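Engineer: Next comes the structure file work.cif, holding mmCIF, C-alpha atoms and all ligand atoms.
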```cif
data_entry
#
loop_
_atom_site.label_atom_id
_atom_site.label_comp_id
_atom_site.auth_asym_id
_atom_site.auth_seq_id
_atom_site.Cartn_x
_atom_site.Cartn_y
_atom_site.Cartn_z
CA MET A 1 86.22 92.71 100.99
CA ILE A 2 89.32 90.58 100.56
CA LYS A 3 90.88 89.85 103.93
CA LEU A 4 94.40 89.04 102.78
CA LYS A 5 95.69 90.58 99.54
CA ILE A 6 98.95 90.27 97.70
CA GLU A 7 100.74 93.56 97.07
CA LEU A 8 103.09 93.75 94.13
CA VAL A 9 105.17 96.93 94.09
CA PRO A 10 105.80 98.35 90.57
CA SER A 11 109.24 97.10 89.54
CA THR A 12 110.49 100.67 89.02
CA LEU A 13 110.01 101.29 92.75
CA TRP A 14 111.66 98.13 94.00
CA GLY A 15 114.03 98.91 96.84
CA MET A 16 112.06 102.02 97.86
CA ASN A 17 110.94 100.47 101.13
CA LEU A 18 111.05 102.11 104.53
CA ARG A 19 113.63 99.71 105.82
CA SER A 20 116.10 100.94 103.23
CA LEU A 21 115.10 104.62 103.42
CA LEU A 22 115.34 104.85 107.21
CA THR A 23 118.34 104.28 109.43
CA ARG A 24 118.37 101.09 111.44
CA GLY A 25 117.39 102.97 114.60
CA GLU A 26 114.52 104.81 112.90
CA TRP A 27 113.18 101.61 111.35
CA ASP A 28 113.38 99.85 114.73
CA LYS A 29 111.44 102.69 116.33
CA LEU A 30 108.74 102.52 113.64
CA ARG A 31 108.35 98.76 113.68
CA ARG A 32 108.26 98.54 117.48
CA TRP A 33 105.59 101.22 117.52
CA SER A 34 103.66 99.17 114.98
CA TYR A 35 103.96 95.97 117.04
CA GLY A 36 102.85 97.82 120.15
CA LYS A 37 99.70 99.25 118.61
CA ALA A 38 98.82 95.78 117.30
CA ASP A 39 99.47 94.17 120.69
CA ASN A 40 102.11 91.99 118.96
CA ARG A 41 99.53 90.16 116.88
CA CYS A 42 98.97 89.84 113.16
CA GLU A 43 96.48 92.51 112.07
CA ILE A 44 95.04 90.18 109.45
CA CYS A 45 94.77 86.72 111.01
CA ASN A 46 95.43 87.58 114.69
CA ALA A 47 98.26 85.01 115.00
CA SER A 48 101.14 85.86 117.31
CA GLY A 49 103.60 84.54 114.74
CA LEU A 50 105.49 82.66 117.41
CA GLU A 51 103.82 79.35 116.58
CA GLN A 52 105.09 79.67 113.01
CA ASN A 53 108.55 78.64 114.10
CA ARG A 54 110.16 81.89 113.08
CA ARG A 55 112.79 83.98 114.71
CA HIS A 56 110.54 87.02 114.73
CA ALA A 57 106.95 87.03 115.86
CA VAL A 58 105.08 89.74 113.98
CA GLU A 59 106.76 91.78 111.26
CA CYS A 60 106.23 95.36 110.15
CA HIS A 61 104.66 95.89 106.74
CA GLU A 62 104.20 99.22 105.00
CA ARG A 63 100.81 99.95 103.50
CA TRP A 64 100.84 101.61 100.09
CA GLU A 65 97.98 103.01 98.05
CA TYR A 66 98.21 103.33 94.29
CA ASP A 67 96.95 106.27 92.30
CA ASP A 68 97.10 104.77 88.82
CA ILE A 69 96.03 107.99 87.10
CA ASN A 70 98.70 110.21 88.65
CA ARG A 71 101.17 107.35 89.11
CA ILE A 72 101.71 107.94 92.80
CA GLN A 73 102.54 105.26 95.34
CA LYS A 74 101.40 106.66 98.65
CA LEU A 75 102.42 105.48 102.09
CA VAL A 76 99.30 105.25 104.26
CA GLY A 77 100.74 103.58 107.34
CA VAL A 78 102.31 100.42 108.66
CA ILE A 79 100.76 97.25 110.03
CA SER A 80 102.05 94.23 111.91
CA LEU A 81 101.76 90.87 110.20
CA CYS A 82 102.64 87.31 111.07
CA PRO A 83 105.37 85.81 108.82
CA ARG A 84 102.83 83.83 106.77
CA CYS A 85 100.58 86.77 105.97
CA HIS A 86 103.65 88.90 105.30
CA GLN A 87 104.95 86.34 102.83
CA VAL A 88 101.65 86.46 100.94
CA LYS A 89 101.90 90.27 100.71
CA HIS A 90 105.30 89.88 99.04
CA PHE A 91 104.08 87.18 96.72
CA GLY A 92 106.68 87.85 94.03
CA ARG A 93 109.45 87.29 96.54
CA ALA A 94 107.70 84.16 97.85
CA LEU A 95 107.71 82.76 94.32
CA SER A 96 111.38 83.58 93.83
CA VAL A 97 112.40 81.67 96.96
CA GLY A 98 110.23 78.66 96.10
CA ALA A 99 107.56 79.40 98.69
CA GLY A 100 104.74 80.10 96.22
CA ARG A 101 102.79 76.99 97.15
CA TYR A 102 102.80 77.86 100.86
CA ALA A 103 101.82 81.42 100.11
CA ILE A 104 98.89 80.31 97.94
CA GLN A 105 97.74 77.92 100.64
CA HIS A 106 97.76 80.65 103.26
CA LEU A 107 96.01 83.04 100.89
CA ARG A 108 93.30 80.41 100.39
CA ASP A 109 93.03 79.60 104.10
CA ILE A 110 92.63 83.20 105.21
CA ASN A 111 90.22 84.18 102.44
CA ASP A 112 88.44 80.84 102.39
CA TRP A 113 89.08 80.50 98.65
CA SER A 114 89.09 77.57 96.24
CA VAL A 115 92.23 76.82 94.21
CA GLU A 116 90.58 78.38 91.14
CA LYS A 117 89.58 81.55 92.94
CA ALA A 118 93.11 82.00 94.31
CA GLN A 119 94.70 81.40 90.91
CA GLN A 120 92.34 83.85 89.26
CA TYR A 121 93.10 86.49 91.88
CA VAL A 122 96.87 86.05 91.58
CA GLU A 123 96.63 86.33 87.81
CA VAL A 124 94.74 89.62 88.02
CA GLU A 125 97.27 91.03 90.49
CA PHE A 126 100.16 90.11 88.21
CA ARG A 127 98.46 91.75 85.23
CA LEU A 128 98.01 94.89 87.30
CA HIS A 129 101.65 94.71 88.33
CA THR A 130 102.74 94.45 84.69
CA LEU A 131 100.70 97.55 83.83
CA ARG A 132 102.17 99.45 86.76
CA SER A 133 105.71 98.44 85.90
CA VAL A 134 105.73 100.03 82.43
CA GLY A 135 105.02 103.59 81.29
CA PRO A 136 105.60 106.88 83.13
CA ALA A 137 107.69 106.84 86.31
CA TRP A 138 105.91 106.47 89.63
CA ARG A 139 106.30 109.08 92.31
CA LEU A 140 106.55 108.32 95.98
CA ASP A 141 104.38 109.98 98.61
CA LEU A 142 106.03 109.53 102.00
CA ARG A 143 104.17 112.32 103.79
CA TRP A 144 102.64 109.87 106.24
CA LEU A 145 106.08 109.63 107.88
CA ALA A 146 105.89 113.27 108.94
CA GLY A 147 102.20 113.20 109.84
CA GLY A 148 100.45 113.09 113.18
CA GLU A 149 100.13 109.33 113.44
CA SER A 150 103.76 108.55 112.66
CA PRO A 151 106.14 108.06 115.61
CA LEU A 152 109.00 109.50 113.57
CA SER A 153 110.13 113.12 113.46
CA VAL A 154 109.61 115.53 110.57
CA GLU A 155 113.41 115.61 110.16
CA THR A 156 113.54 111.83 109.83
CA ALA A 157 110.77 111.95 107.25
CA GLY A 158 112.65 114.62 105.31
CA ARG A 159 115.84 112.61 105.28
CA ALA A 160 114.04 109.46 104.10
CA SER A 161 112.52 111.46 101.23
CA GLY A 162 115.96 112.86 100.41
CA LYS A 163 117.34 109.37 100.20
CA ALA A 164 114.63 108.35 97.73
CA VAL A 165 115.40 111.44 95.63
CA SER A 166 119.11 110.52 95.64
CA ALA A 167 118.10 107.13 94.30
CA GLY A 168 116.37 108.86 91.38
CA VAL A 169 112.75 108.70 92.56
CA SER A 170 110.46 111.75 92.51
CA ILE A 171 108.71 112.67 95.72
CA VAL A 172 105.31 114.24 96.33
CA PHE A 173 105.71 117.37 98.43
CA ASP A 174 103.48 118.98 101.03
CA ASP A 175 102.37 122.05 99.11
CA GLU A 176 101.14 120.02 96.20
CA GLU A 177 97.56 119.36 95.19
CA GLU A 178 96.42 115.81 95.79
ZN ZN A 201 98.71 86.57 109.80
#
```
Kindly transcribe the structure held in the file into structure tokens.
Structural biologist:
Amino acid sequence: MIKLKIELVPSTLWGMNLRSLLTRGEWDKLRRWSYGKADNRCEICNASGLEQNRRHAVECHERWEYDDINRIQKLVGVISLCPRCHQVKHFGRALSVGAGRYAIQHLRDINDWSVEKAQQYVEVEFRLHTLRSVGPAWRLDLRWLAGGESPLSVETAGRASGKAVSAGVSIVFDDEEE
């Protein structure tokens, strides 16, 4: 199993993150809940984040699963990550701000990979991203927000879904077959 993975969101779903779909207060509630359940440590490398000279210690990251057959991006929870691990997750962004080298180094450190292994892995992820960014539209499954584990209310979840719909994204509803 790969300890630290990069996660490239299909380009057609860029901007559909919880931070933008929730109000500031709702997002704060969710991320603080996430930090609390992780005891304010990175859930991948166990760092507190504070030694990384950042303003924030751990950061909240949403976990998505991809159903490539049905083209559904499903929210399966949130985790707390230190800034370095979080930067690796958003590898495309890291590249765009000139932090690709640092991200690769951290990816290698955490997974104990050679340069070649890391390059090969990144290449495969980018190919997958290209495939996911063309073709039929992806739908968004945000039902986790209204589920038992989530600290947010059903109303909040409904409003977040409504916001995604307003932005032109189709949502997976409750009464639907998986
Ligand atoms: Zn970490």
Engineer: List all protein, DNA and RNA residues that have at least one atom no more than 6 Å from any atom of ligand ZN 201 (chain A), counting only C-alpha atoms and all ligand atoms, and write them as a short mmCIF file (atom, residue, chain, number, x, y, z; two decimals) with C-alpha atoms, keeping the file's coordinate frame.
Structural biologist:
```
data_model
loop_
_atom_site.label_atom_id
_atom_site.label_comp_id
_atom_site.auth_asym_id
_atom_site.auth_seq_id
_atom_site.Cartn_x
_atom_site.Cartn_y
_atom_site.Cartn_z
CA CYS A 42 98.97 89.84 113.16
CA ILE A 44 95.04 90.18 109.45
CA CYS A 45 94.77 86.72 111.01
CA ASN A 46 95.43 87.58 114.69
CA ALA A 47 98.26 85.01 115.00
CA LEU A 81 101.76 90.87 110.20
CA CYS A 82 102.64 87.31 111.07
CA ARG A 84 102.83 83.83 106.77
CA CYS A 85 100.58 86.77 105.97
#
```
Engineer: Taking into account all atoms listed in the file, which residue in the set A:Arg101, A:His86, A:Lys29, A:Lys5 is nearest to Thr156 of chain A?
Structural biologist: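 Looking at the shortest contact to Thr156 of chain A, the residue is A:Lys29.
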Engineer: Please provide the set of residues having any atom within 8 Å of Asn111 of chain A, restricted to only C-alpha atoms, with same-chain residues fewer than 6 positions apart removed, written as a short mmCIF file (atom, residue, chain, number, x, y, z; two decimals) with C-alpha atoms, in the frame of the given file.
Structural biologist:
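Heads up, here's the output in around.cif:
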```cif
data_model
loop_
_atom_site.label_atom_id
_atom_site.label_comp_id
_atom_site.auth_asym_id
_atom_site.auth_seq_id
_atom_site.Cartn_x
_atom_site.Cartn_y
_atom_site.Cartn_z
CA ILE A 2 89.32 90.58 100.56
CA LYS A 3 90.88 89.85 103.93
CA LEU A 4 94.40 89.04 102.78
#
```
Engineer: Which one of A:Leu18, A:Ile72, A:Ile6, A:Leu50 sits closest to Tyr121 of chain A if you count all atoms listed in the file?
Structural biologist: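 Ranking A:Leu18, A:Ile72, A:Ile6, A:Leu50 by distance to Tyr121 of chain A, first place goes to A:Ile6.
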Engineer: Compare A:Ala99, A:Met16, A:Val76, A:Val115 by their minimum atom-to-atom distance to Ser166 of chain A, counting only C-alpha atoms, and give me the closest one.
Structural biologist: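 For Ser166 of chain A, the nearest of the given residues is A:Met16.
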Engineer: Could you work out how far atom CA of Ile110 of chain A lies from atom CA of Gly36 of chain A, giving the answer in Å with one decimal?
Structural biologist: 23.3 Å
Engineer: Between atom CA of Val165 of chain A and atom CA of His61 of chain A, measure the distance and give it in Å to one decimal.
Structural biologist: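 Result for atom CA of Val165 of chain A versus atom CA of His61 of chain A: 21.9 Å, one decimal.
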Engineer: Find the axis-aligned box for segment 136-154 of chain A, covering all its listed atoms and adding 6 Å on each side, and write its centre and edge lengths in Å to one decimal as AutoDock Vina command-line options.
Structural biologist:
```
--center_x 105.1 --center_y 111.0 --center_z 99.4 --size_x 22.0 --size_y 21.1 --size_z 44.5
```
Engineer: Considering only C-alpha atoms, state which residue in the set A:Trp144, A:Phe91, A:Tyr35, A:Trp64 is at the smallest distance from Glu123 of chain A.
Structural biologist: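 Selected residue with least distance to Glu123 of chain A: A:Phe91.
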Engineer: What does the distance between atom CA of Asp109 of chain A and atom CA of His90 of chain A come to in Å, to one decimal place?
Structural biologist: 16.8 Å
